[in-house]
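**Q** Please find work-v6.cif (mmCIF, C-alpha atoms) on the next line:
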data_my_file
#
loop_
_atom_site.label_atom_id
_atom_site.label_comp_id
_atom_site.auth_asym_id
_atom_site.auth_seq_id
_atom_site.Cartn_x
_atom_site.Cartn_y
_atom_site.Cartn_z
CA MET A 1 -69.83 -11.97 14.24
CA TRP A 2 -66.59 -11.81 16.25
CA LEU A 3 -65.56 -15.19 14.94
CA LEU A 4 -66.16 -14.02 11.39
CA LEU A 5 -64.01 -10.93 11.95
CA LEU A 6 -61.22 -12.95 13.54
CA PHE A 7 -61.37 -15.48 10.73
CA CYS A 8 -61.13 -12.74 8.10
CA LEU A 9 -58.21 -11.15 9.94
CA LEU A 10 -56.33 -14.45 10.07
CA LEU A 11 -57.10 -15.11 6.43
CA GLY A 12 -55.79 -11.64 5.57
CA LEU A 13 -52.61 -12.32 7.54
CA PHE A 14 -52.18 -15.61 5.73
CA ILE A 15 -52.62 -13.98 2.33
CA GLY A 16 -50.32 -11.12 3.32
CA PHE A 17 -47.49 -13.50 4.23
CA GLN A 18 -47.64 -14.96 0.72
CA ILE A 19 -47.13 -11.56 -0.88
CA PRO A 20 -43.51 -10.54 -1.62
CA VAL A 21 -41.81 -8.04 0.66
CA LEU A 22 -42.38 -4.36 0.06
CA PRO A 23 -39.46 -1.99 -0.42
CA MET A 24 -38.20 -0.39 2.78
CA ILE A 25 -39.33 3.10 1.80
CA PHE A 26 -42.99 2.06 1.86
CA ALA A 27 -42.77 0.35 5.24
CA LYS A 28 -43.00 3.65 7.05
CA TYR A 29 -46.12 4.76 5.16
CA LEU A 30 -47.68 1.34 5.39
CA SER A 31 -47.41 1.47 9.18
CA ILE A 32 -49.34 4.73 9.21
CA ALA A 33 -51.89 3.28 6.80
CA ILE A 34 -52.33 0.31 9.12
CA LEU A 35 -53.01 2.63 12.01
CA ALA A 36 -55.68 4.40 9.95
CA ALA A 37 -57.17 1.05 8.92
CA LEU A 38 -57.26 -0.11 12.53
CA ASP A 39 -59.01 3.11 13.48
CA SER A 40 -61.55 2.60 10.70
CA VAL A 41 -62.22 -0.98 11.71
CA PHE A 42 -62.76 -0.09 15.35
CA GLY A 43 -64.86 2.87 14.29
CA GLY A 44 -66.94 0.55 12.13
CA ILE A 45 -67.41 -1.93 14.95
CA ARG A 46 -68.43 0.88 17.25
CA ALA A 47 -70.92 2.19 14.70
CA TYR A 48 -72.20 -1.33 14.30
CA MET A 49 -72.71 -1.53 18.07
CA GLU A 50 -74.48 1.85 18.05
CA ASP A 51 -76.66 0.72 15.17
CA GLY A 52 -75.44 3.72 13.17
CA PHE A 53 -73.41 1.74 10.66
CA ASP A 54 -73.30 3.01 7.10
CA ASP A 55 -71.54 1.03 4.39
CA VAL A 56 -70.55 4.07 2.33
CA ILE A 57 -69.19 6.06 5.28
CA PHE A 58 -67.30 3.05 6.58
CA ILE A 59 -65.69 2.01 3.30
CA SER A 60 -64.91 5.54 2.20
CA GLY A 61 -63.56 6.33 5.67
CA PHE A 62 -61.36 3.30 5.56
CA VAL A 63 -59.95 4.00 2.10
CA VAL A 64 -59.58 7.76 2.46
CA ASN A 65 -58.15 7.68 5.97
CA THR A 66 -55.62 5.06 5.01
CA LEU A 67 -54.47 6.89 1.89
CA LEU A 68 -54.56 10.26 3.62
CA ALA A 69 -52.49 9.03 6.54
CA ALA A 70 -49.88 7.56 4.23
CA GLY A 71 -49.97 10.68 2.03
CA LEU A 72 -49.58 12.92 5.06
CA ALA A 73 -46.58 10.96 6.28
CA TYR A 74 -45.05 11.21 2.80
CA LEU A 75 -45.69 14.96 2.65
CA GLY A 76 -44.15 15.33 6.12
CA ASP A 77 -41.02 13.56 4.90
CA ARG A 78 -40.79 15.83 1.86
CA LEU A 79 -41.21 18.92 4.07
CA GLY A 80 -38.86 17.69 6.75
CA VAL A 81 -41.66 17.79 9.34
CA GLN A 82 -42.50 14.57 11.09
CA LEU A 83 -46.19 14.77 10.22
CA TYR A 84 -46.69 11.05 10.66
CA LEU A 85 -46.41 11.67 14.40
CA ALA A 86 -49.64 13.69 14.16
CA ALA A 87 -51.33 10.77 12.40
CA VAL A 88 -50.01 8.35 15.03
CA VAL A 89 -51.34 10.50 17.88
CA VAL A 90 -54.74 11.17 16.31
CA PHE A 91 -55.36 7.57 15.25
CA GLY A 92 -53.99 6.25 18.53
CA VAL A 93 -56.38 8.42 20.53
CA ARG A 94 -59.33 7.51 18.36
CA ILE A 95 -58.52 3.79 18.51
CA PHE A 96 -58.52 3.93 22.29
CA GLN A 97 -61.75 5.96 22.34
CA ASN A 98 -63.47 3.49 20.04
CA LEU A 99 -62.15 0.56 22.02
CA GLY A 100 -63.47 2.16 25.21
CA ILE A 101 -66.92 2.66 23.72
CA ILE A 102 -66.97 -0.89 22.31
CA ARG A 103 -65.96 -2.21 25.72
CA ARG A 104 -68.80 -0.31 27.40
CA TYR A 105 -71.31 -1.66 24.91
CA LEU A 106 -70.07 -5.15 25.44
CA LEU A 107 -70.29 -4.73 29.22
CA LYS A 108 -73.83 -3.41 28.86
CA LYS A 109 -74.77 -6.24 26.56
CA TYR A 110 -73.52 -9.11 28.70
CA MET B 1 -79.85 -2.21 11.90
CA ARG B 2 -77.41 -4.94 12.74
CA SER B 3 -77.47 -6.33 9.26
CA LYS B 4 -75.48 -9.11 7.78
CA GLY B 5 -74.25 -6.59 5.21
CA ALA B 6 -72.53 -4.48 7.88
CA GLN B 7 -70.84 -7.57 9.28
CA PHE B 8 -69.74 -8.55 5.81
CA THR B 9 -68.29 -5.11 5.10
CA ILE B 10 -66.37 -5.03 8.35
CA ALA B 11 -65.13 -8.55 7.65
CA ILE B 12 -63.84 -7.49 4.23
CA VAL B 13 -62.04 -4.50 5.74
CA CYS B 14 -60.59 -6.77 8.39
CA LEU B 15 -59.29 -8.98 5.61
CA VAL B 16 -57.55 -6.04 3.98
CA LEU B 17 -56.22 -4.94 7.36
CA GLY B 18 -54.89 -8.43 7.91
CA ILE B 19 -53.07 -8.36 4.59
CA MET B 20 -51.53 -4.99 5.40
CA LEU B 21 -50.50 -6.13 8.86
CA ALA B 22 -48.90 -9.26 7.46
CA ILE B 23 -46.94 -7.27 4.87
CA GLN B 24 -45.79 -4.84 7.52
CA PHE B 25 -44.77 -7.65 9.88
CA LYS B 26 -42.78 -9.24 7.14
CA ALA B 27 -41.19 -5.96 6.16
CA THR B 28 -40.09 -5.13 9.70
CA LYS B 29 -38.81 -8.65 10.14
CA SER B 30 -36.82 -8.74 6.90
CA TYR B 31 -35.32 -5.27 7.40
CA SER B 32 -33.45 -6.33 10.52
CA LEU B 33 -35.50 -5.91 13.63
CA GLY B 34 -35.02 -2.84 15.74
CA TYR B 35 -33.99 -0.53 12.93
CA SER B 36 -36.45 2.23 12.24
CA PRO B 37 -36.62 3.64 8.71
CA ASP B 38 -34.85 6.76 10.01
CA ARG B 39 -31.97 4.69 11.25
CA VAL B 40 -31.88 2.84 7.94
CA GLU B 41 -31.75 6.12 6.06
CA GLU B 42 -28.98 7.33 8.31
CA LEU B 43 -27.06 4.13 7.77
CA ALA B 44 -27.58 4.31 4.03
CA GLN B 45 -26.24 7.85 4.05
CA LYS B 46 -23.28 6.76 6.13
CA LEU B 47 -22.68 3.86 3.74
CA SER B 48 -22.57 6.13 0.71
CA GLN B 49 -20.27 8.48 2.61
CA VAL B 50 -17.93 5.67 3.59
CA THR B 51 -18.02 4.26 0.06
CA GLU B 52 -17.01 7.65 -1.29
CA GLU B 53 -14.24 7.84 1.27
CA ARG B 54 -13.05 4.39 0.29
CA ASP B 55 -12.98 5.36 -3.39
CA THR B 56 -10.92 8.43 -2.55
CA MET B 57 -8.52 6.32 -0.56
CA ALA B 58 -8.26 3.78 -3.36
CA ASN B 59 -7.28 6.61 -5.68
CA GLU B 60 -4.73 7.72 -3.13
CA VAL B 61 -3.33 4.21 -2.94
CA ALA B 62 -3.00 4.11 -6.71
CA SER B 63 -1.15 7.44 -6.83
CA LEU B 64 1.11 6.44 -3.96
CA GLN B 65 1.93 3.18 -5.68
CA GLU B 66 2.83 5.09 -8.80
CA LYS B 67 5.09 7.35 -6.76
CA LEU B 68 6.66 4.34 -5.13
CA SER B 69 7.38 2.71 -8.46
CA ASN B 70 8.93 5.98 -9.66
CA ILE B 71 11.12 6.04 -6.61
CA ARG B 72 12.07 2.45 -7.26
CA LYS B 73 13.04 3.42 -10.78
CA ASN B 74 15.13 6.26 -9.35
CA ASP B 75 16.65 3.81 -6.94
CA GLN B 76 17.52 1.60 -9.87
CA ALA B 77 19.20 4.55 -11.57
CA MET B 78 21.02 5.32 -8.33
CA ALA B 79 22.16 1.72 -8.05
CA ASP B 80 23.45 1.84 -11.64
CA LEU B 81 25.34 5.03 -10.88
CA GLN B 82 26.76 3.53 -7.72
CA GLN B 83 27.95 0.53 -9.65
CA GLU B 84 29.54 2.76 -12.28
CA LEU B 85 31.15 4.84 -9.58
CA GLN B 86 32.57 1.73 -8.00
CA ILE B 87 34.05 0.59 -11.30
CA TYR B 88 35.65 3.97 -11.96
CA SER B 89 37.03 4.36 -8.47
CA MET B 90 38.47 0.88 -8.89
CA TYR B 91 40.18 1.94 -12.12
CA GLY B 92 41.23 5.21 -10.55
CA GLY B 93 42.80 3.44 -7.61
CA LEU B 94 40.41 4.94 -5.09
CA ALA B 95 38.80 1.67 -4.08
CA PRO B 96 40.46 -1.33 -2.48
CA VAL B 97 40.62 -4.23 -4.92
CA GLN B 98 41.35 -7.91 -4.73
CA GLY B 99 41.99 -10.72 -7.15
CA ALA B 100 44.45 -13.25 -8.42
CA GLY B 101 47.96 -12.06 -9.19
CA ILE B 102 51.55 -12.23 -8.13
CA ILE B 103 53.71 -10.77 -5.45
CA LEU B 104 57.15 -9.75 -6.66
CA THR B 105 59.70 -9.08 -3.98
CA VAL B 106 63.04 -7.43 -4.75
CA ASN B 107 65.67 -6.45 -2.27
CA ASP B 108 69.07 -4.86 -2.10
CA ILE B 109 72.05 -7.14 -2.67
CA PRO B 110 72.90 -8.46 0.78
CA GLY B 111 76.29 -8.10 2.40
CA ASN B 112 78.66 -5.17 2.53
CA SER B 113 80.17 -3.70 -0.55
CA GLU B 114 83.62 -4.94 -1.40
CA PRO B 115 86.42 -2.43 -1.32
CA GLY B 116 86.52 -0.29 -4.42
CA GLU B 117 82.95 -1.16 -5.33
CA ASN B 118 80.33 1.57 -5.53
CA PRO B 119 77.74 0.81 -2.79
CA ASN B 120 75.16 2.39 -5.05
CA ASN B 121 75.31 -0.66 -7.23
CA ARG B 122 74.08 -2.88 -4.42
CA ILE B 123 70.76 -1.13 -3.77
CA VAL B 124 67.52 -1.09 -5.69
CA HIS B 125 66.91 2.26 -7.32
CA ASP B 126 63.79 4.02 -8.41
CA LEU B 127 64.70 3.34 -12.00
CA GLU B 128 64.82 -0.40 -11.44
CA LEU B 129 61.42 -0.30 -9.82
CA LEU B 130 60.03 1.79 -12.65
CA LEU B 131 61.29 -0.65 -15.23
CA LEU B 132 59.84 -3.57 -13.33
CA ILE B 133 56.50 -1.80 -13.06
CA ASN B 134 56.63 -1.12 -16.76
CA GLU B 135 57.21 -4.81 -17.46
CA LEU B 136 54.30 -5.70 -15.23
CA LYS B 137 52.01 -3.21 -16.96
CA ALA B 138 53.00 -4.64 -20.31
CA SER B 139 52.11 -8.10 -19.00
CA GLY B 140 48.56 -7.13 -18.22
CA ALA B 141 48.68 -5.82 -14.66
CA GLU B 142 45.37 -4.34 -13.55
CA ALA B 143 46.37 -2.94 -10.19
CA ILE B 144 49.80 -2.48 -8.69
CA SER B 145 51.05 -1.47 -5.29
CA ILE B 146 54.55 -1.18 -3.88
CA ASN B 147 54.82 -1.72 -0.16
CA ASP B 148 51.06 -1.07 0.06
CA GLU B 149 51.31 2.18 -1.88
CA ARG B 150 48.77 1.99 -4.67
CA LEU B 151 50.08 3.20 -7.97
CA THR B 152 47.82 5.62 -9.79
CA MET B 153 49.40 8.81 -11.05
CA SER B 154 52.07 8.02 -8.52
CA GLU B 155 55.67 9.00 -8.86
CA ILE B 156 58.48 6.56 -8.13
CA ARG B 157 61.34 8.78 -7.34
CA CYS B 158 64.65 8.73 -5.61
CA ALA B 159 64.87 10.87 -2.52
CA GLY B 160 68.30 10.60 -1.06
CA THR B 161 68.79 7.06 0.07
CA GLN B 162 65.08 6.25 -0.02
CA ILE B 163 62.37 6.05 -2.64
CA LEU B 164 59.20 8.12 -2.67
CA VAL B 165 55.94 6.66 -3.87
CA ASN B 166 52.80 8.77 -3.49
CA THR B 167 55.10 11.17 -1.58
CA ASN B 168 55.58 8.42 1.01
CA LEU B 169 58.95 6.92 1.75
CA ILE B 170 59.36 3.23 1.12
CA TRP B 171 62.15 0.95 2.15
CA PRO B 172 63.51 -2.30 0.88
CA PRO B 173 62.49 -5.01 0.60
CA PHE B 174 60.12 -3.81 -2.07
CA VAL B 175 57.00 -5.92 -2.18
CA ILE B 176 55.20 -5.32 -5.45
CA SER B 177 51.64 -6.69 -5.41
CA VAL B 178 50.08 -7.05 -8.83
CA ILE B 179 46.60 -8.13 -9.78
CA GLY B 180 46.33 -9.75 -13.18
CA ASN B 181 46.65 -13.12 -14.85
CA PRO B 182 49.34 -14.75 -12.63
CA GLU B 183 50.78 -16.95 -15.41
CA GLN B 184 50.95 -14.09 -17.84
CA LEU B 185 52.55 -11.78 -15.31
CA GLU B 186 55.12 -14.35 -14.30
CA SER B 187 56.07 -15.25 -17.83
CA GLY B 188 56.20 -11.55 -18.71
CA LEU B 189 58.69 -10.94 -15.93
CA ASN B 190 60.73 -14.03 -16.67
CA ILE B 191 61.02 -13.33 -20.37
CA PRO B 192 64.61 -14.04 -21.48
CA GLY B 193 66.56 -10.83 -21.76
CA GLY B 194 63.93 -9.06 -19.70
CA PHE B 195 64.77 -6.66 -16.95
CA LEU B 196 64.13 -9.08 -14.09
CA SER B 197 66.62 -11.57 -15.51
CA THR B 198 69.15 -8.76 -15.73
CA MET B 199 68.56 -7.91 -12.09
CA LYS B 200 68.88 -11.55 -11.17
CA ALA B 201 72.14 -11.74 -13.07
CA ILE B 202 73.48 -8.72 -11.20
CA GLY B 203 72.64 -10.47 -7.96
CA TYR B 204 69.54 -8.81 -6.59
CA PRO B 205 67.46 -11.26 -4.59
CA THR B 206 64.07 -11.49 -6.30
CA HIS B 207 61.13 -13.67 -5.61
CA ILE B 208 57.86 -14.22 -7.46
CA GLN B 209 54.89 -15.72 -5.68
CA LYS B 210 51.69 -16.53 -7.52
CA MET B 211 48.62 -15.85 -5.40
CA GLU B 212 44.98 -16.84 -5.62
CA LYS B 213 43.92 -13.71 -3.87
CA ILE B 214 45.75 -10.46 -3.34
CA GLU B 215 44.30 -7.38 -1.71
CA ILE B 216 45.54 -4.02 -2.86
CA PRO B 217 44.70 -0.96 -0.76
CA PRO B 218 43.35 2.22 -2.33
CA TYR B 219 45.26 5.41 -2.98
CA THR B 220 44.82 7.44 0.17
CA GLY B 221 46.67 10.59 -0.73
CA ARG B 222 45.28 13.96 -1.68
CA ILE B 223 43.35 14.21 -4.90
CA LYS B 224 43.81 17.51 -6.59
CA SER B 225 43.17 18.68 -10.07
CA SER B 226 43.99 22.32 -10.45
CA PHE B 227 44.33 22.34 -14.21
CA MET B 228 42.42 19.31 -15.32
CA LYS B 229 38.77 20.00 -16.12
CA PRO B 230 36.23 17.65 -17.63
CA VAL B 231 35.26 18.35 -21.23
CA GLU B 232 31.63 19.38 -21.45
CA TYR B 233 29.57 16.31 -22.14
CA THR B 234 26.56 18.04 -23.61
CA LYS B 235 28.25 19.05 -26.84
CA LYS B 236 29.35 15.51 -27.37
CA ALA B 237 25.84 14.27 -26.88
CA GLU B 238 24.44 16.39 -29.66
#
Taking this structure as input, can you express it in the form of structure tokens?
**A**
Amino acid sequence: MWLLLLFCLLLGLFIGFQIPVLPMIFAKYLSIAILAALDSVFGGIRAYMEDGFDDVIFISGFVVNTLLAAGLAYLGDRLGVQLYLAAVVVFGVRIFQNLGIIRRYLLKKY
Amino acid sequence: MRSKGAQFTIAIVCLVLGIMLAIQFKATKSYSLGYSPDRVEELAQKLSQVTEERDTMANEVASLQEKLSNIRKNDQAMADLQQELQIYSMYGGLAPVQGAGIILTVNDIPGNSEPGENPNNRIVHDLELLLLINELKASGAEAISINDERLTMSEIRCAGTQILVNTNLIWPPFVISVIGNPEQLESGLNIPGGFLSTMKAIGYPTHIQKMEKIEIPPYTGRIKSSFMKPVEYTKKAE
């Protein structure tokens, strides 16, 4: 499974490098979206480890979180509040939590 | 329920994540590393500000150049006026002049007067000088000085035993510097029956020297015009 994930990630990177560069304005929002996506992926892996994985929740979580994070950052910019910091903190914390849980499962497993 | 489906879903999401990551990597790399979007925005703002400033300065340069060209035009007008002024002060005898011409020297008849002879007949009088000057003027003299006294509105007048020119006393020998065509001046003076030949016949020592270059000093006396006023130009211009 891990090999499959790694392979898909590398394939995605390869495809991404073929795509033309995005305008600078979107770079900021894309970074937030990436954080959200990372969070979703780790959340999905964790759920997979806990045997509580649900396709619908995972996919919808991934899409909605990503869009919401980017949208929130955009809204923050319009309002003059650096809302993307909130997204960074929340997703950062959750990523580390998920990673910790995944690590414990892996330790238990092997 | 560790299904293949779950693995597949996560794999797909990983693929998308990979694409996003790659795009972001490329974006951060192409937009010069180390510059956050905030910094970029700030720089863009600064750029527009500086561009505006530059445009303002360019306008200023244009207006200054226009002013400069105007001043140059004024300078040209000034130069023209200066030139005109120089010409008129030359005509008026207020500027030193130089040019080709002749130097005419006349002196009293040397030696003592013989008994019974009027000593007055042996000296050069104002009248003689005046007549000579008149001859010279008729021969195309442009500037004349006697013993370095520039002739303008100058009087040549007897004052006792001396002669006054420009209210200054002059003594013989009388050196008359004349600027004009040297040949013409000389032939004008030497015309048969002319006044110089008469003087020569009487016995006055005279001498004509043609010169390539004569310098004549300006009139240095007081300039006064108590009665003379310029006629208004404006009416003429209408």
**Q** Using all atoms listed in the file for the distances, tell me which of B:Gln24, B:Gln83, B:Ser226, B:Thr9 is nearest to Leu35 in chain A.
**A**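 When distances to Leu35 in chain A are compared using all atoms listed in the file, the smallest one comes from B:Gln24.
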**Q** I'd like the neighbourhood of Ile191 in chain B as a PyMOL selection string, where a residue qualifies if any of its atoms comes within 12 Å (using all atoms listed in the file), though same-chain residues fewer than 6 positions away should be ignored.
**A** chain B and resi 135-136+138-139+183-185+197-198
**Q** If the PyMOL selection byres ((chain A) within 7 of (chain B)) is run on the structure shown, which residues does it catch, given as a ChimeraX atom specification?
**A** /A:1,4-5,8-13,15-17,21-22,27-28,30-31,34,37,41,44,48,51,53,55
**Q** Using only C-alpha atoms, find the one residue out of A:Lys108, A:Arg103, A:Leu6, A:Phe26 that sits nearest to Arg46 in chain A.
**A**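 So, comparing all the options, the nearest one is A:Arg103.
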**Q** Excluding Ala33 in chain A and any residue of its chain fewer than 5 positions from it, enumerate the residues within 8 Å of it, using only C-alpha atoms, and give them as a list of chain:residue names.
**A**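 Within the cut-off, the hits are A:Asn65, A:Thr66, A:Leu67, A:Ala69, A:Ala70.
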**Q** Can you tell me how far CA of Glu117 in chain B sits from CA of Gln162 in chain B, in Å to one decimal?
**A**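 Rounded to one decimal, the two atoms are 20.1 Å apart.
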**Q** Which of these, A:Ile57, A:Leu99, A:Ile45, A:Ala36, has the shortest distance to Trp2 in chain A once you count all atoms listed in the file?
**A**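 Between A:Ile57, A:Leu99, A:Ile45, A:Ala36, the residue approaching Trp2 in chain A most closely is A:Ile45.
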**Q** Can you tell me how far CA of Gly99 in chain B sits from CA of Lys213 in chain B, in Å to one decimal?
**A**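 Between CA of Gly99 in chain B and CA of Lys213 in chain B the gap is 4.8 Å.
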**Q** What does the structure give for the distance between CA of Ala141 in chain B and CA of Ser154 in chain B, in Å to one decimal?
**A** 15.5 Å
